[in-house]
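Asker: Pasting target.cif below, which is mmCIF, C-alpha atoms.
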```
data_model
#
loop_
_atom_site.label_atom_id
_atom_site.label_comp_id
_atom_site.auth_asym_id
_atom_site.auth_seq_id
_atom_site.Cartn_x
_atom_site.Cartn_y
_atom_site.Cartn_z
CA MET A 1 -114.90 -37.59 151.72
CA GLN A 2 -116.08 -37.97 148.13
CA ARG A 3 -115.11 -41.27 146.62
CA PRO A 4 -112.83 -41.26 143.56
CA GLU A 5 -114.71 -40.79 140.32
CA THR A 6 -113.89 -44.32 139.26
CA GLU A 7 -115.95 -45.62 142.19
CA ILE A 8 -119.10 -43.60 141.55
CA GLU A 9 -121.94 -46.03 140.86
CA MET A 10 -123.57 -45.60 137.48
CA PRO A 11 -127.09 -46.73 136.60
CA SER A 12 -127.03 -50.24 135.16
CA LYS A 13 -128.38 -51.07 131.73
CA ASN A 14 -131.06 -53.18 133.38
CA HIS A 15 -132.12 -50.20 135.49
CA ASP A 16 -132.31 -47.97 132.40
CA LYS A 17 -134.31 -50.61 130.55
CA ALA A 18 -136.75 -50.95 133.46
CA ARG A 19 -137.28 -47.19 133.56
CA GLY A 20 -137.83 -47.15 129.80
CA LEU A 21 -140.41 -49.93 130.08
CA GLN A 22 -142.22 -48.06 132.85
CA ARG A 23 -142.34 -44.84 130.85
CA ASP A 24 -143.58 -46.71 127.80
CA ALA A 25 -146.23 -48.46 129.89
CA ARG A 26 -147.51 -45.18 131.30
CA ALA A 27 -147.61 -43.62 127.82
CA TRP A 28 -149.34 -46.66 126.29
CA ALA A 29 -151.88 -46.89 129.10
CA LYS A 30 -152.79 -43.23 128.62
CA PHE A 31 -152.87 -43.54 124.82
CA THR A 32 -155.18 -46.59 124.89
CA GLY A 33 -157.24 -45.50 127.88
CA SER A 34 -156.31 -48.60 129.86
CA ASN A 35 -154.69 -49.44 133.18
CA TYR A 36 -150.98 -49.31 133.82
CA THR A 37 -150.63 -52.96 134.87
CA ALA A 38 -152.03 -54.26 131.58
CA ALA A 39 -149.68 -51.94 129.69
CA VAL A 40 -146.68 -53.18 131.68
CA ARG A 41 -147.48 -56.77 130.67
CA GLN A 42 -147.37 -55.73 127.02
CA MET A 43 -144.08 -53.87 127.41
CA GLN A 44 -142.52 -56.91 129.14
CA HIS A 45 -143.77 -59.47 126.61
CA PRO A 46 -140.90 -61.60 125.20
CA LEU A 47 -141.89 -60.79 121.59
CA ALA A 48 -141.77 -57.04 122.28
CA GLN A 49 -138.12 -56.89 123.41
CA GLY A 50 -136.60 -56.54 119.92
CA ILE A 51 -135.85 -59.51 117.69
CA LEU A 52 -134.19 -57.98 114.62
CA GLY A 53 -133.33 -54.66 116.26
CA ASP A 54 -133.78 -52.57 119.37
CA ARG A 55 -137.01 -52.80 121.33
CA ILE A 56 -139.61 -50.58 119.71
CA SER A 57 -140.66 -47.82 122.09
CA ALA A 58 -144.35 -47.14 122.71
CA ARG A 59 -143.50 -43.47 123.19
CA HIS A 60 -141.82 -43.42 119.78
CA LEU A 61 -144.84 -45.08 118.14
CA ILE A 62 -147.15 -42.48 119.67
CA ARG A 63 -144.91 -39.57 118.60
CA VAL A 64 -144.88 -40.86 115.02
CA LEU A 65 -148.63 -40.26 114.74
CA ASP A 66 -148.07 -36.55 115.35
CA GLU A 67 -144.63 -35.89 113.91
CA HIS A 68 -144.18 -38.03 110.78
CA PRO A 69 -144.00 -35.68 107.77
CA LEU A 70 -146.41 -37.73 105.63
CA ILE A 71 -148.82 -39.61 107.88
CA GLY A 72 -148.67 -37.51 111.04
CA ALA A 73 -152.22 -37.00 112.41
CA ARG A 74 -153.69 -38.32 109.12
CA LEU A 75 -153.70 -42.06 109.72
CA GLY A 76 -156.69 -44.29 110.43
CA GLU A 77 -157.26 -48.02 110.71
CA SER A 78 -157.98 -48.30 106.97
CA GLY A 79 -154.89 -46.33 106.04
CA PHE A 80 -153.74 -42.88 105.07
CA ARG A 81 -156.47 -40.20 105.25
CA SER A 82 -159.07 -42.81 106.27
CA ALA A 83 -162.10 -41.64 108.27
CA ASP A 84 -161.88 -44.40 110.89
CA PRO A 85 -159.39 -43.35 113.57
CA LEU A 86 -156.69 -45.62 114.92
CA THR A 87 -158.12 -47.21 118.05
CA PRO A 88 -155.50 -49.61 119.44
CA ARG A 89 -156.33 -51.48 122.62
CA VAL A 90 -153.77 -52.00 125.34
CA ASP A 91 -153.11 -55.60 124.28
CA ASP A 92 -152.44 -54.65 120.65
CA PHE A 93 -148.89 -53.52 121.39
CA VAL A 94 -147.21 -56.91 120.82
CA ALA A 95 -148.89 -57.32 117.43
CA LEU A 96 -147.73 -53.83 116.47
CA ALA A 97 -144.19 -54.63 117.64
CA LEU A 98 -144.20 -57.80 115.52
CA THR A 99 -145.42 -55.80 112.52
CA VAL A 100 -142.36 -53.59 113.02
CA GLU A 101 -140.15 -56.69 113.20
CA THR A 102 -141.61 -58.06 109.96
CA LEU A 103 -140.76 -54.84 108.13
CA ARG A 104 -137.29 -54.84 109.69
CA MET A 105 -136.72 -58.18 107.96
CA PHE A 106 -136.49 -56.43 104.56
CA THR A 107 -133.73 -54.30 103.07
CA PRO A 108 -134.90 -50.66 102.72
CA ASP A 109 -134.88 -49.48 99.10
CA PRO A 110 -136.00 -45.93 98.23
CA ARG A 111 -136.24 -46.90 94.54
CA SER A 112 -138.89 -49.53 95.26
CA GLN A 113 -142.60 -48.87 95.83
CA ILE A 114 -144.50 -51.70 97.54
CA ASN A 115 -148.19 -50.97 98.08
CA SER A 116 -149.09 -50.98 101.76
CA TYR A 117 -152.33 -52.93 101.39
CA PRO A 118 -150.84 -56.10 99.82
CA LEU A 119 -147.93 -55.72 102.25
CA LYS A 120 -150.28 -55.79 105.23
CA GLY A 121 -151.74 -59.07 103.92
CA LEU A 122 -148.26 -60.52 103.52
CA THR A 123 -147.46 -59.48 107.10
CA GLU A 124 -150.57 -61.26 108.37
CA ARG A 125 -149.63 -64.46 106.56
CA PHE A 126 -146.04 -64.33 107.79
CA LEU A 127 -147.03 -63.75 111.43
CA GLU A 128 -149.87 -66.27 111.61
CA PRO A 129 -150.88 -67.78 113.98
CA THR A 130 -149.14 -65.44 116.45
CA VAL A 131 -150.91 -62.44 114.91
CA SER A 132 -154.19 -62.92 113.06
CA TYR A 133 -154.91 -59.41 111.74
CA VAL A 134 -152.94 -56.30 110.78
CA SER A 135 -154.85 -53.27 109.54
CA ASN A 136 -153.55 -51.21 106.64
CA GLY A 137 -153.21 -48.25 108.99
CA ARG A 138 -151.11 -50.16 111.49
CA LEU A 139 -148.84 -51.51 108.76
CA ILE A 140 -148.25 -47.92 107.62
CA TRP A 141 -147.76 -46.87 111.26
CA ALA A 142 -145.05 -49.52 111.73
CA ALA A 143 -143.30 -48.48 108.51
CA ALA A 144 -143.33 -44.85 109.62
CA ALA A 145 -141.89 -45.82 113.01
CA LEU A 146 -138.96 -47.43 111.17
CA ASP A 147 -138.61 -44.35 108.96
CA LEU A 148 -138.87 -46.47 105.82
CA PRO A 149 -139.14 -44.56 102.51
CA MET A 150 -142.81 -43.77 101.94
CA VAL A 151 -144.90 -41.89 99.36
CA GLU A 152 -148.62 -41.60 98.64
CA ALA A 153 -150.03 -44.30 96.39
CA SER A 154 -152.65 -41.88 95.02
CA SER A 155 -154.11 -38.49 95.84
CA GLN A 156 -157.32 -40.01 97.21
CA GLY A 157 -156.73 -43.60 98.30
CA PRO A 158 -155.74 -44.87 101.75
CA ASN A 159 -152.62 -46.74 100.64
CA VAL A 160 -149.00 -45.63 100.55
CA TYR A 161 -145.96 -47.01 98.75
CA ILE A 162 -143.24 -48.31 101.07
CA GLY A 163 -139.60 -48.61 100.03
CA ILE A 164 -138.47 -52.16 100.70
CA ASN A 165 -136.59 -54.45 98.34
CA GLU A 166 -139.09 -55.77 95.79
CA ARG A 167 -137.28 -59.07 95.20
CA GLU A 168 -137.30 -59.79 98.94
CA ASP A 169 -141.00 -58.90 99.04
CA ALA A 170 -141.66 -61.33 96.17
CA TYR A 171 -139.69 -64.06 97.97
CA ILE A 172 -141.83 -63.78 101.11
CA ARG A 173 -145.01 -63.70 99.03
CA ILE A 174 -144.05 -67.06 97.55
CA MET A 175 -143.07 -68.40 100.97
CA THR A 176 -146.44 -67.43 102.47
CA ASP A 177 -148.65 -68.37 99.51
CA HIS A 178 -149.72 -71.94 100.21
CA ARG A 179 -150.88 -72.32 96.60
CA LYS A 180 -147.38 -72.01 95.19
CA ASP A 181 -144.23 -74.09 95.39
CA LEU A 182 -141.60 -72.75 97.77
CA PRO A 183 -138.67 -70.78 96.30
CA LYS A 184 -135.92 -73.05 95.05
CA ALA A 185 -133.12 -70.56 95.71
CA THR A 186 -132.26 -68.07 98.45
CA GLN A 187 -130.50 -65.19 96.70
CA HIS A 188 -133.52 -62.92 97.35
CA ARG A 189 -134.34 -64.12 100.85
CA PRO A 190 -134.61 -61.13 103.24
CA PRO A 191 -131.56 -60.95 105.53
CA GLY A 192 -133.59 -61.19 108.75
CA PHE A 193 -135.97 -63.91 107.57
CA VAL A 194 -134.33 -66.97 109.13
CA HIS A 195 -133.77 -65.30 112.50
CA LEU A 196 -137.28 -63.86 112.79
CA ARG A 197 -139.02 -67.03 111.66
CA GLY A 198 -136.92 -69.06 114.08
CA ALA A 199 -137.80 -66.75 116.99
CA LEU A 200 -141.52 -67.03 116.22
CA GLU A 201 -141.32 -70.82 115.96
CA ARG A 202 -139.44 -71.10 119.26
CA TYR A 203 -141.97 -68.89 121.00
CA ALA A 204 -144.86 -70.95 119.63
CA SER A 205 -143.26 -74.13 121.00
CA GLY A 206 -142.76 -72.59 124.44
CA GLU A 207 -139.00 -72.08 124.12
CA PRO A 208 -137.03 -68.85 124.71
CA ILE A 209 -136.92 -66.80 121.51
CA GLY A 210 -133.14 -66.50 121.66
CA GLU A 211 -130.67 -63.68 121.18
CA ARG A 212 -131.34 -60.56 119.18
CA TRP A 213 -130.19 -60.68 115.55
CA SER A 214 -126.67 -59.45 114.94
CA GLY A 215 -127.85 -57.40 111.98
CA GLU A 216 -125.25 -58.81 109.63
CA ARG A 217 -126.49 -58.64 106.05
CA PRO A 218 -124.86 -60.97 103.52
CA GLN A 219 -123.23 -59.49 100.48
CA PRO A 220 -125.31 -59.75 97.29
CA VAL A 221 -124.63 -63.03 95.52
CA THR A 222 -123.20 -62.58 92.04
CA THR A 223 -120.46 -63.85 89.77
CA ALA A 224 -118.67 -62.47 86.72
CA PHE A 225 -120.38 -65.08 84.54
CA HIS A 226 -123.81 -64.16 85.91
CA LYS A 227 -123.19 -60.46 85.20
CA TRP A 228 -122.21 -61.37 81.63
CA LEU A 229 -125.40 -63.43 81.18
CA VAL A 230 -127.51 -60.50 82.41
CA GLN A 231 -125.94 -58.34 79.71
CA GLN A 232 -126.80 -60.89 77.02
CA ALA A 233 -130.48 -61.27 77.98
CA ASP A 234 -132.94 -60.25 75.27
CA ARG A 235 -136.59 -61.26 75.58
CA ASP A 236 -137.30 -60.53 71.92
CA ALA A 237 -134.35 -62.44 70.50
CA PRO A 238 -135.17 -65.23 67.98
CA TYR A 239 -135.99 -68.55 69.64
CA VAL A 240 -133.74 -70.12 71.01
CA THR A 241 -130.59 -68.02 70.92
CA VAL A 242 -128.07 -67.38 73.65
CA GLU A 243 -129.87 -64.09 74.30
CA GLN A 244 -133.28 -65.77 74.65
CA MET A 245 -131.83 -68.43 76.96
CA ALA A 246 -130.14 -65.71 79.04
CA PHE A 247 -133.44 -63.85 79.38
CA HIS A 248 -135.15 -66.92 80.82
CA TYR A 249 -132.16 -67.58 83.08
CA VAL A 250 -132.28 -64.02 84.45
CA THR A 251 -136.04 -64.31 84.98
CA GLY A 252 -135.54 -67.54 86.90
CA VAL A 253 -132.98 -65.90 89.17
CA ALA A 254 -135.32 -62.95 89.79
CA ASP A 255 -138.19 -65.30 90.66
CA SER A 256 -136.00 -67.46 92.96
CA ASP A 257 -136.64 -70.46 90.70
CA HIS A 258 -132.95 -71.35 90.70
CA ARG A 259 -129.60 -70.15 91.97
CA ILE A 260 -127.10 -67.84 90.30
CA ALA A 261 -124.70 -69.65 87.96
CA THR A 262 -121.06 -69.58 88.97
CA ASP A 263 -119.66 -70.60 85.56
CA PRO A 264 -120.77 -72.12 82.21
CA GLU A 265 -120.76 -75.67 83.58
CA ASP A 266 -122.96 -74.61 86.49
CA LEU A 267 -125.41 -72.96 84.08
CA VAL A 268 -125.79 -76.22 82.16
CA SER A 269 -126.28 -78.06 85.47
CA ILE A 270 -128.98 -75.61 86.58
CA LEU A 271 -130.89 -75.87 83.31
CA THR A 272 -130.54 -79.66 83.19
CA ASP A 273 -131.03 -80.74 86.82
CA ASP A 274 -132.91 -77.88 88.50
CA VAL A 275 -135.11 -76.51 85.73
CA GLY A 276 -135.50 -79.44 83.37
CA ALA A 277 -135.05 -77.20 80.36
CA SER A 278 -135.52 -78.41 76.78
CA PRO A 279 -132.53 -79.54 74.67
CA ASP A 280 -132.66 -76.25 72.72
CA PHE A 281 -132.02 -74.29 75.93
CA ILE A 282 -129.23 -76.65 76.96
CA GLU A 283 -127.56 -76.18 73.57
CA ALA A 284 -127.91 -72.40 73.91
CA ALA A 285 -126.28 -72.62 77.36
CA VAL A 286 -123.37 -74.56 75.87
CA ARG A 287 -122.97 -71.88 73.17
CA ALA A 288 -123.09 -69.21 75.87
CA GLY A 289 -120.26 -70.99 77.66
CA ASP A 290 -118.20 -71.05 74.47
CA GLN A 291 -118.78 -67.30 73.97
CA TRP A 292 -117.89 -66.57 77.59
CA ARG A 293 -114.64 -68.51 77.39
CA SER A 294 -113.76 -66.84 74.08
CA ASN A 295 -114.35 -63.37 75.53
CA ASN A 296 -112.53 -64.12 78.76
CA ALA A 297 -109.63 -66.24 77.50
CA PRO A 298 -106.20 -65.16 78.79
CA PRO A 299 -104.00 -63.39 76.21
CA LEU A 300 -101.66 -65.56 74.21
CA SER A 301 -98.10 -65.65 75.44
CA ALA A 302 -95.67 -63.46 73.50
CA ASN A 303 -93.40 -66.47 73.35
#
```
Show me this structure written as structure tokens.
Answerer:
Amino acid sequence: MQRPETEIEMPSKNHDKARGLQRDARAWAKFTGSNYTAAVRQMQHPLAQGILGDRISARHLIRVLDEHPLIGARLGESGFRSADPLTPRVDDFVALALTVETLRMFTPDPRSQINSYPLKGLTERFLEPTVSYVSNGRLIWAAAALDLPMVEASSQGPNVYIGINEREDAYIRIMTDHRKDLPKATQHRPPGFVHLRGALERYASGEPIGERWSGERPQPVTTAFHKWLVQQADRDAPYVTVEQMAFHYVTGVADSDHRIATDPEDLVSILTDDVGASPDFIEAAVRAGDQWRSNNAPPLSAN
């Protein structure tokens, strides 16, 4: 007698994952001309199981090289339309997976155009010492696998422009440039930065990398007073007016030099304690506060 439908055994998630790993290992072994056992070790590596998102599939990576509308069949190690073909070895899979994770860290932005070559250098610095080298072609390959916005950088060159948030890109550049001071504020920190960096640090110390990121992205930090200051900013205003002070404040926020001001008193605190601004700028901030309160004062009572 057939058992009731509710008792029919269904494949477990672990079984499905194991089958997916096996299929990926076979595809990767064939693609790299290596043996299956070595490919399996790469597929099972702790850093290749998905840190900021689902595990990247080797079969998907391979398909991208044929099917992506821009780079398909036109990608080499040096980049787009380069003469040197992509020649990944079997043990390159983890580094490619971590390149994908690094790009996942950023917020996609189709309005932004980040050149792939500087971005590959940033990825190397962020992943060191776990990964020592990322080619321009493999950075583009990882971006294509994530379906990030992408356009040619020129009609002849090997680079492409990739659509990730430019302020987040600038934040990581400062974080990975040992010649510069670290950012003093976090409003432009990529949403996945803390989780990915923590996973890499735990792996390096021999600890489990932890749970996969929840994917929750914080709401953009802003205040009504900050929005008003942005509207006042004028780089060419006479020195030092409220408009000139506001321009430097907005620039400081963009460069992660200081936080976003919540109100006029906080602006004065930022310029005094965090920035060490001159008295002229402090006075302009006080005048800005007076203007803000005047424009936003509650209406007088009819009584």
Asker: On this structure, which residues satisfy the PyMOL selection byres ((chain A and resi 109) around 7), written as number ranges by chain?
Answerer: A: 107-108, 110-112, 163-165
Asker: List the spatial neighbours of A:Leu229 as a list in words - criterion: any atom at most 8 Å away, all atoms listed in the file, same-chain residues fewer than 3 positions off excluded.
Answerer: Phe225, His226, Gln232, Ala233, Ala246 and Val250 of chain A
Asker: Residues at most 10 Å from A:Arg189, counting all atoms listed in the file, excluding those fewer than 6 positions away in the same chain, as a CSV table (one decimal) with C-alpha atoms, in the frame of the given file?
Answerer:
```csv
chain,number,residue,atom,x,y,z
A,105,MET,CA,-136.7,-58.2,108.0
A,106,PHE,CA,-136.5,-56.4,104.6
A,167,ARG,CA,-137.3,-59.1,95.2
A,168,GLU,CA,-137.3,-59.8,98.9
A,169,ASP,CA,-141.0,-58.9,99.0
A,170,ALA,CA,-141.7,-61.3,96.2
A,171,TYR,CA,-139.7,-64.1,98.0
A,172,ILE,CA,-141.8,-63.8,101.1
A,175,MET,CA,-143.1,-68.4,101.0
A,183,PRO,CA,-138.7,-70.8,96.3
A,256,SER,CA,-136.0,-67.5,93.0
```
Asker: Rounded to one decimal in Å, what is the spacing between atom CA of A:Arg59 and atom CA of A:Met150?
Answerer: 21.3 Å
Asker: Check the smallest atom-to-atom distance from each of A:Leu65, A:Leu75, A:Leu47, A:Met245 to A:Asp280 using only C-alpha atoms, then report the winner.
Answerer: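 Of A:Leu65, A:Leu75, A:Leu47, A:Met245, the one nearest A:Asp280 is A:Met245, counting only C-alpha atoms.
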Asker: How many Å separate atom CA of A:Arg217 from atom CA of A:Lys17?
Answerer: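 Interatomic distance, atom CA of A:Arg217 to atom CA of A:Lys17: 26.9 Å.
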Asker: Just the residues within 10 Å of A:His60, please, counting all atoms listed in the file, with nothing from its chain fewer than 4 positions along; format it as a VMD selection string.
Answerer: chain A and resid 24 27 56 64 to 65 67 145 to 146
